[in-house]
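Engineer: Sharing protein-v4.pdb (PDB, C-alpha atoms) below.
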ATOM      1  CA  MET A   1      -3.768 -32.596  -4.932
ATOM      2  CA  ASP A   2      -2.045 -30.110  -7.199
ATOM      3  CA  PHE A   3      -2.666 -31.899 -10.528
ATOM      4  CA  LYS A   4      -6.078 -32.874 -11.833
ATOM      5  CA  LYS A   5      -7.396 -34.448 -15.056
ATOM      6  CA  ILE A   6     -10.584 -33.812 -17.020
ATOM      7  CA  ASN A   7     -11.748 -35.859 -20.002
ATOM      8  CA  LEU A   8     -13.660 -33.692 -22.473
ATOM      9  CA  LYS A   9     -14.118 -36.657 -24.811
ATOM     10  CA  TYR A  10     -16.486 -38.328 -22.345
ATOM     11  CA  ASN A  11     -20.069 -38.422 -23.719
ATOM     12  CA  SER A  12     -18.933 -36.733 -26.978
ATOM     13  CA  PRO A  13     -19.938 -33.143 -26.138
ATOM     14  CA  SER A  14     -20.263 -30.415 -28.736
ATOM     15  CA  VAL A  15     -17.478 -27.848 -28.881
ATOM     16  CA  ASP A  16     -19.594 -25.309 -26.965
ATOM     17  CA  GLU A  17     -20.461 -27.881 -24.298
ATOM     18  CA  ALA A  18     -16.811 -28.942 -23.945
ATOM     19  CA  ILE A  19     -15.634 -25.339 -23.511
ATOM     20  CA  ALA A  20     -18.386 -24.682 -20.948
ATOM     21  CA  ILE A  21     -17.350 -27.808 -19.012
ATOM     22  CA  LEU A  22     -13.701 -26.750 -19.126
ATOM     23  CA  SER A  23     -14.497 -23.204 -17.978
ATOM     24  CA  ILE A  24     -16.429 -24.517 -14.976
ATOM     25  CA  GLU A  25     -13.679 -27.024 -14.178
ATOM     26  CA  LEU A  26     -11.022 -24.285 -14.272
ATOM     27  CA  GLU A  27     -13.006 -22.217 -11.771
ATOM     28  CA  CYS A  28     -13.406 -25.255  -9.508
ATOM     29  CA  CYS A  29      -9.676 -25.965  -9.738
ATOM     30  CA  LYS A  30      -8.879 -22.403  -8.675
ATOM     31  CA  LEU A  31     -11.170 -22.752  -5.649
ATOM     32  CA  GLU A  32      -9.657 -26.143  -4.756
ATOM     33  CA  GLY A  33      -6.076 -24.900  -5.068
ATOM     34  CA  VAL A  34      -5.248 -27.181  -8.008
ATOM     35  CA  LYS A  35      -2.148 -25.869  -9.792
ATOM     36  CA  ALA A  36      -2.352 -27.762 -13.110
ATOM     37  CA  LEU A  37      -5.155 -29.337 -15.108
ATOM     38  CA  LYS A  38      -4.637 -32.004 -17.747
ATOM     39  CA  VAL A  39      -7.330 -31.724 -20.408
ATOM     40  CA  VAL A  40      -7.991 -34.796 -22.546
ATOM     41  CA  HIS A  41      -9.740 -33.505 -25.665
ATOM     42  CA  GLY A  42      -8.664 -35.783 -28.499
ATOM     43  CA  TYR A  43      -7.095 -34.618 -31.717
ATOM     44  CA  GLY A  44      -9.698 -35.279 -34.367
ATOM     45  CA  SER A  45      -9.195 -38.865 -35.450
ATOM     46  CA  HIS A  46     -12.751 -39.871 -34.436
ATOM     47  CA  GLY A  47     -15.096 -36.954 -34.971
ATOM     48  CA  LYS A  48     -15.198 -33.760 -32.905
ATOM     49  CA  GLY A  49     -11.829 -34.085 -31.180
ATOM     50  CA  GLY A  50     -10.050 -31.783 -33.609
ATOM     51  CA  ALA A  51     -12.563 -28.974 -33.160
ATOM     52  CA  ILE A  52     -12.504 -29.348 -29.373
ATOM     53  CA  CYS A  53      -8.697 -29.412 -29.391
ATOM     54  CA  PHE A  54      -8.601 -26.198 -31.421
ATOM     55  CA  ALA A  55     -11.211 -24.535 -29.158
ATOM     56  CA  VAL A  56      -9.399 -25.576 -25.952
ATOM     57  CA  ARG A  57      -6.105 -24.163 -27.172
ATOM     58  CA  ASN A  58      -7.767 -20.930 -28.342
ATOM     59  CA  LEU A  59      -9.383 -20.572 -24.927
ATOM     60  CA  CYS A  60      -6.029 -21.183 -23.253
ATOM     61  CA  SER A  61      -4.379 -18.513 -25.391
ATOM     62  CA  ARG A  62      -7.083 -15.990 -24.453
ATOM     63  CA  LEU A  63      -6.955 -16.871 -20.753
ATOM     64  CA  LYS A  64      -3.158 -16.565 -20.711
ATOM     65  CA  LYS A  65      -3.303 -13.110 -22.344
ATOM     66  CA  GLN A  66      -5.910 -12.098 -19.742
ATOM     67  CA  HIS A  67      -3.660 -13.466 -16.947
ATOM     68  CA  LYS A  68      -6.400 -15.884 -15.864
ATOM     69  CA  ILE A  69      -4.052 -18.849 -16.281
ATOM     70  CA  LYS A  70      -0.280 -18.861 -15.989
ATOM     71  CA  ASP A  71       0.523 -20.977 -19.031
ATOM     72  CA  PHE A  72      -0.387 -24.075 -21.021
ATOM     73  CA  LEU A  73       1.486 -26.831 -22.802
ATOM     74  CA  ILE A  74       0.253 -28.784 -25.789
ATOM     75  CA  GLY A  75       0.734 -32.545 -25.743
ATOM     76  CA  SER A  76       3.999 -32.513 -27.690
ATOM     77  CA  GLU A  77       5.468 -30.123 -25.111
ATOM     78  CA  TRP A  78       4.555 -32.467 -22.223
ATOM     79  CA  ASP A  79       8.023 -33.955 -22.387
ATOM     80  CA  LEU A  80      11.039 -33.891 -20.099
ATOM     81  CA  SER A  81      13.127 -32.414 -22.906
ATOM     82  CA  ASN A  82      10.954 -29.265 -22.666
ATOM     83  CA  GLU A  83      12.189 -26.636 -20.205
ATOM     84  CA  ASN A  84       8.672 -25.491 -19.251
ATOM     85  CA  CYS A  85       7.607 -29.082 -18.624
ATOM     86  CA  ILE A  86      10.585 -29.636 -16.334
ATOM     87  CA  LYS A  87       9.637 -26.524 -14.320
ATOM     88  CA  ILE A  88       6.106 -27.836 -13.893
ATOM     89  CA  ILE A  89       7.205 -31.343 -12.938
ATOM     90  CA  THR A  90       9.700 -29.937 -10.439
ATOM     91  CA  SER A  91       7.100 -27.781  -8.708
ATOM     92  CA  LEU A  92       4.118 -30.157  -8.956
ATOM     93  CA  LYS A  93       5.103 -33.649  -7.911
ATOM     94  CA  ASP A  94       1.662 -35.140  -8.725
ATOM     95  CA  CYS A  95       2.420 -34.597 -12.444
ATOM     96  CA  TYR A  96       5.490 -36.777 -12.559
ATOM     97  CA  ASN A  97       3.620 -40.081 -12.880
ATOM     98  CA  ASP A  98       1.239 -38.889 -15.587
ATOM     99  CA  GLU A  99       0.781 -41.576 -18.250
ATOM    100  CA  ASP A 100       1.093 -39.057 -21.101
ATOM    101  CA  LEU A 101       4.377 -37.546 -19.952
ATOM    102  CA  ASN A 102       7.027 -38.116 -22.662
ATOM    103  CA  HIS A 103       4.477 -39.602 -25.109
ATOM    104  CA  SER A 104       3.887 -36.546 -27.329
ATOM    105  CA  ASN A 105       0.102 -36.999 -27.152
ATOM    106  CA  PRO A 106      -1.614 -34.438 -29.429
ATOM    107  CA  GLY A 107      -4.931 -35.154 -27.717
ATOM    108  CA  ILE A 108      -4.058 -33.397 -24.447
ATOM    109  CA  THR A 109      -3.327 -29.922 -23.151
ATOM    110  CA  ILE A 110      -1.813 -29.124 -19.742
ATOM    111  CA  ILE A 111      -3.095 -25.900 -18.186
ATOM    112  CA  ILE A 112      -1.073 -24.195 -15.461
ATOM    113  CA  ILE A 113      -3.541 -22.340 -13.265
TER     114      ILE A 113
END
Show this structure as structure tokens.

Structural biologist:
Amino acid sequence: MDFKKINLKYNSPSVDEAIAILSIELECCKLEGVKALKVVHGYGSHGKGGAICFAVRNLCSRLKKQHKIKDFLIGSEWDLSNENCIKIITSLKDCYNDEDLNHSNPGITIIII
């Protein structure tokens, strides 16, 4: 499997807990050879989602600058009109049937490992 999903909304973790869970999951994905991770974090309509969304995207920015991940796409970029999305879909066939593809979901982030 080259595409995996994690739901950070499950059990309503704090921001620190969600980032710790994501960090562990990213390390596991690297060991398993997963190429992309879909992170479901919410976008703030029901509590902590906005803070977790912001923290996830900040973490992704840091990890990309440190060359620990290749790239990331926010939910609105997870669309076949986006050139980076098309590159990912072309190289990772497991992504193509994702239910959020082409739905501009602000509550997700796709991390390219």

Engineer: Rounded to one decimal in Å, what is the spacing between CA of Glu25 (chain A) and CA of Leu80 (chain A)?

Structural biologist: 26.3 Å

Engineer: For a quick check of understanding, using all atoms listed in the file, which of A:Gly75, A:Gly33, A:Pro13, A:Gly50 has the smallest distance to Asp98 (chain A)?

Structural biologist: A:Gly75

Engineer: Counting only C-alpha atoms, which residue out of A:Ile112, A:Val40, A:Leu26, A:Ala51 sits closest to Asn84 (chain A)?

Structural biologist: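 The closest residue to Asn84 (chain A) is A:Ile112.
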
Engineer: Please identify all polymer residues lying at most 12 Å from the point (-12.5, -26.9, -10.3) (file coordinates), using only C-alpha atoms, and present the result as a ChimeraX atom specification.

Structural biologist: /A:1-6,21-38,113

Engineer: I want to know what sits within 7 Å of Phe72 (chain A), based on all atoms listed in the file, with residues of the same chain fewer than 4 positions away left out; could you give that as a list of chain:residue names?

Structural biologist: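 My reading of the contact set: A:Cys60, A:Thr109, A:Ile110, A:Ile111, A:Ile112.
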
Engineer: Might you spell out which residues the PyMOL selection byres ((chain A and resi 77) around 10) would select in the displayed file, as an mmCIF file with C-alpha atoms, in the coordinates of the input?

Structural biologist:
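The new file part-v8.cif reads:
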data_model
loop_
_atom_site.group_PDB
_atom_site.id
_atom_site.type_symbol
_atom_site.label_atom_id
_atom_site.label_comp_id
_atom_site.auth_asym_id
_atom_site.auth_seq_id
_atom_site.Cartn_x
_atom_site.Cartn_y
_atom_site.Cartn_z
ATOM 1 C CA PHE A 72 -0.387 -24.075 -21.021
ATOM 2 C CA LEU A 73 1.486 -26.831 -22.802
ATOM 3 C CA ILE A 74 0.253 -28.784 -25.789
ATOM 4 C CA GLY A 75 0.734 -32.545 -25.743
ATOM 5 C CA SER A 76 3.999 -32.513 -27.690
ATOM 6 C CA TRP A 78 4.555 -32.467 -22.223
ATOM 7 C CA ASP A 79 8.023 -33.955 -22.387
ATOM 8 C CA LEU A 80 11.039 -33.891 -20.099
ATOM 9 C CA SER A 81 13.127 -32.414 -22.906
ATOM 10 C CA ASN A 82 10.954 -29.265 -22.666
ATOM 11 C CA GLU A 83 12.189 -26.636 -20.205
ATOM 12 C CA ASN A 84 8.672 -25.491 -19.251
ATOM 13 C CA CYS A 85 7.607 -29.082 -18.624
ATOM 14 C CA LEU A 101 4.377 -37.546 -19.952
ATOM 15 C CA ASN A 102 7.027 -38.116 -22.662
ATOM 16 C CA HIS A 103 4.477 -39.602 -25.109
ATOM 17 C CA SER A 104 3.887 -36.546 -27.329
ATOM 18 C CA ASN A 105 0.102 -36.999 -27.152
ATOM 19 C CA PRO A 106 -1.614 -34.438 -29.429
ATOM 20 C CA THR A 109 -3.327 -29.922 -23.151
ATOM 21 C CA ILE A 110 -1.813 -29.124 -19.742
#

Engineer: From the options A:Asp71, A:Asn58, A:Leu8, A:Ser14, which residue's atoms come nearest to Lys87 (chain A), counting all atoms listed in the file?

Structural biologist: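 Using all atoms listed in the file, Lys87 (chain A) sits closest to A:Asp71.
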
Engineer: As an exercise, work out the distance from CA of Asp100 (chain A) to CA of Ile19 (chain A) in Å and give it to one decimal place.

Structural biologist: 21.8 Å

Engineer: So how far away is CA of Phe54 (chain A) from CA of Ala18 (chain A), in Å?

Structural biologist: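 Answer for the CA of Ala18 (chain A) to CA of Phe54 (chain A) separation: 11.4 Å.
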
Engineer: How would you write, as a PyMOL selection string, the residues chosen by the PyMOL selection byres ((chain A and resi 53) around 8) on this structure?

Structural biologist: chain A and resi 41-44+49-52+54-57+107-108

Engineer: Nearest to Val39 (chain A): which of A:Lys9, A:Lys65, A:Lys70, A:Lys93 is it, counting all atoms listed in the file?

Structural biologist: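 Selected residue with least distance to Val39 (chain A): A:Lys9.
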
Engineer: How would region 54-72 of chain A look written as a short mmCIF file (atom, residue, chain, number, x, y, z; two decimals), in the first residue's frame with N, CA, C and O atoms?

Structural biologist:
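The resulting file, decode-v5.cif, is shown below:
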data_model
loop_
_atom_site.label_atom_id
_atom_site.label_comp_id
_atom_site.auth_asym_id
_atom_site.auth_seq_id
_atom_site.Cartn_x
_atom_site.Cartn_y
_atom_site.Cartn_z
N PHE A 54 -4.22 23.88 11.80
CA PHE A 54 -3.13 24.85 11.77
C PHE A 54 -1.81 24.20 12.21
O PHE A 54 -0.77 24.38 11.57
N ALA A 55 -1.85 23.39 13.28
CA ALA A 55 -0.65 22.73 13.79
C ALA A 55 -0.10 21.70 12.79
O ALA A 55 1.11 21.59 12.60
N VAL A 56 -1.00 20.94 12.16
CA VAL A 56 -0.58 19.95 11.17
C VAL A 56 0.13 20.63 10.00
O VAL A 56 1.21 20.22 9.57
N ARG A 57 -0.45 21.70 9.51
CA ARG A 57 0.15 22.39 8.36
C ARG A 57 1.45 23.09 8.73
O ARG A 57 2.37 23.15 7.91
N ASN A 58 1.56 23.60 9.96
CA ASN A 58 2.84 24.16 10.41
C ASN A 58 3.90 23.08 10.50
O ASN A 58 5.05 23.29 10.09
N LEU A 59 3.52 21.92 11.03
CA LEU A 59 4.46 20.80 11.11
C LEU A 59 4.91 20.39 9.71
O LEU A 59 6.10 20.18 9.47
N CYS A 60 3.97 20.31 8.79
CA CYS A 60 4.31 19.94 7.42
C CYS A 60 5.28 20.93 6.79
O CYS A 60 6.23 20.54 6.11
N SER A 61 5.06 22.20 7.02
CA SER A 61 5.97 23.23 6.49
C SER A 61 7.37 23.04 7.05
O SER A 61 8.36 23.11 6.30
N ARG A 62 7.47 22.80 8.35
CA ARG A 62 8.79 22.58 8.98
C ARG A 62 9.46 21.33 8.42
O ARG A 62 10.65 21.34 8.09
N LEU A 63 8.70 20.23 8.34
CA LEU A 63 9.27 18.98 7.86
C LEU A 63 9.71 19.08 6.40
O LEU A 63 10.72 18.49 6.02
N LYS A 64 8.99 19.83 5.60
CA LYS A 64 9.38 20.02 4.20
C LYS A 64 10.67 20.82 4.11
O LYS A 64 11.58 20.46 3.36
N LYS A 65 10.80 21.87 4.90
CA LYS A 65 12.03 22.67 4.91
C LYS A 65 13.23 21.85 5.38
O LYS A 65 14.36 22.07 4.94
N GLN A 66 12.98 20.90 6.28
CA GLN A 66 14.03 20.02 6.81
C GLN A 66 14.27 18.81 5.91
O GLN A 66 15.07 17.95 6.25
N HIS A 67 13.53 18.72 4.81
CA HIS A 67 13.63 17.60 3.85
C HIS A 67 13.26 16.26 4.49
O HIS A 67 13.76 15.22 4.08
N LYS A 68 12.36 16.30 5.47
CA LYS A 68 11.89 15.07 6.11
C LYS A 68 10.62 14.54 5.45
O LYS A 68 10.27 13.39 5.64
N ILE A 69 9.93 15.41 4.71
CA ILE A 69 8.85 15.00 3.82
C ILE A 69 9.11 15.67 2.47
O ILE A 69 9.81 16.69 2.40
N LYS A 70 8.54 15.11 1.43
CA LYS A 70 8.75 15.70 0.10
C LYS A 70 7.87 16.92 -0.13
O LYS A 70 8.31 17.92 -0.69
N ASP A 71 6.60 16.81 0.27
CA ASP A 71 5.66 17.89 0.01
C ASP A 71 4.38 17.62 0.78
O ASP A 71 4.24 16.57 1.43
N PHE A 72 3.44 18.56 0.72
CA PHE A 72 2.11 18.35 1.26
C PHE A 72 1.13 19.21 0.48
O PHE A 72 1.49 20.23 -0.10
#
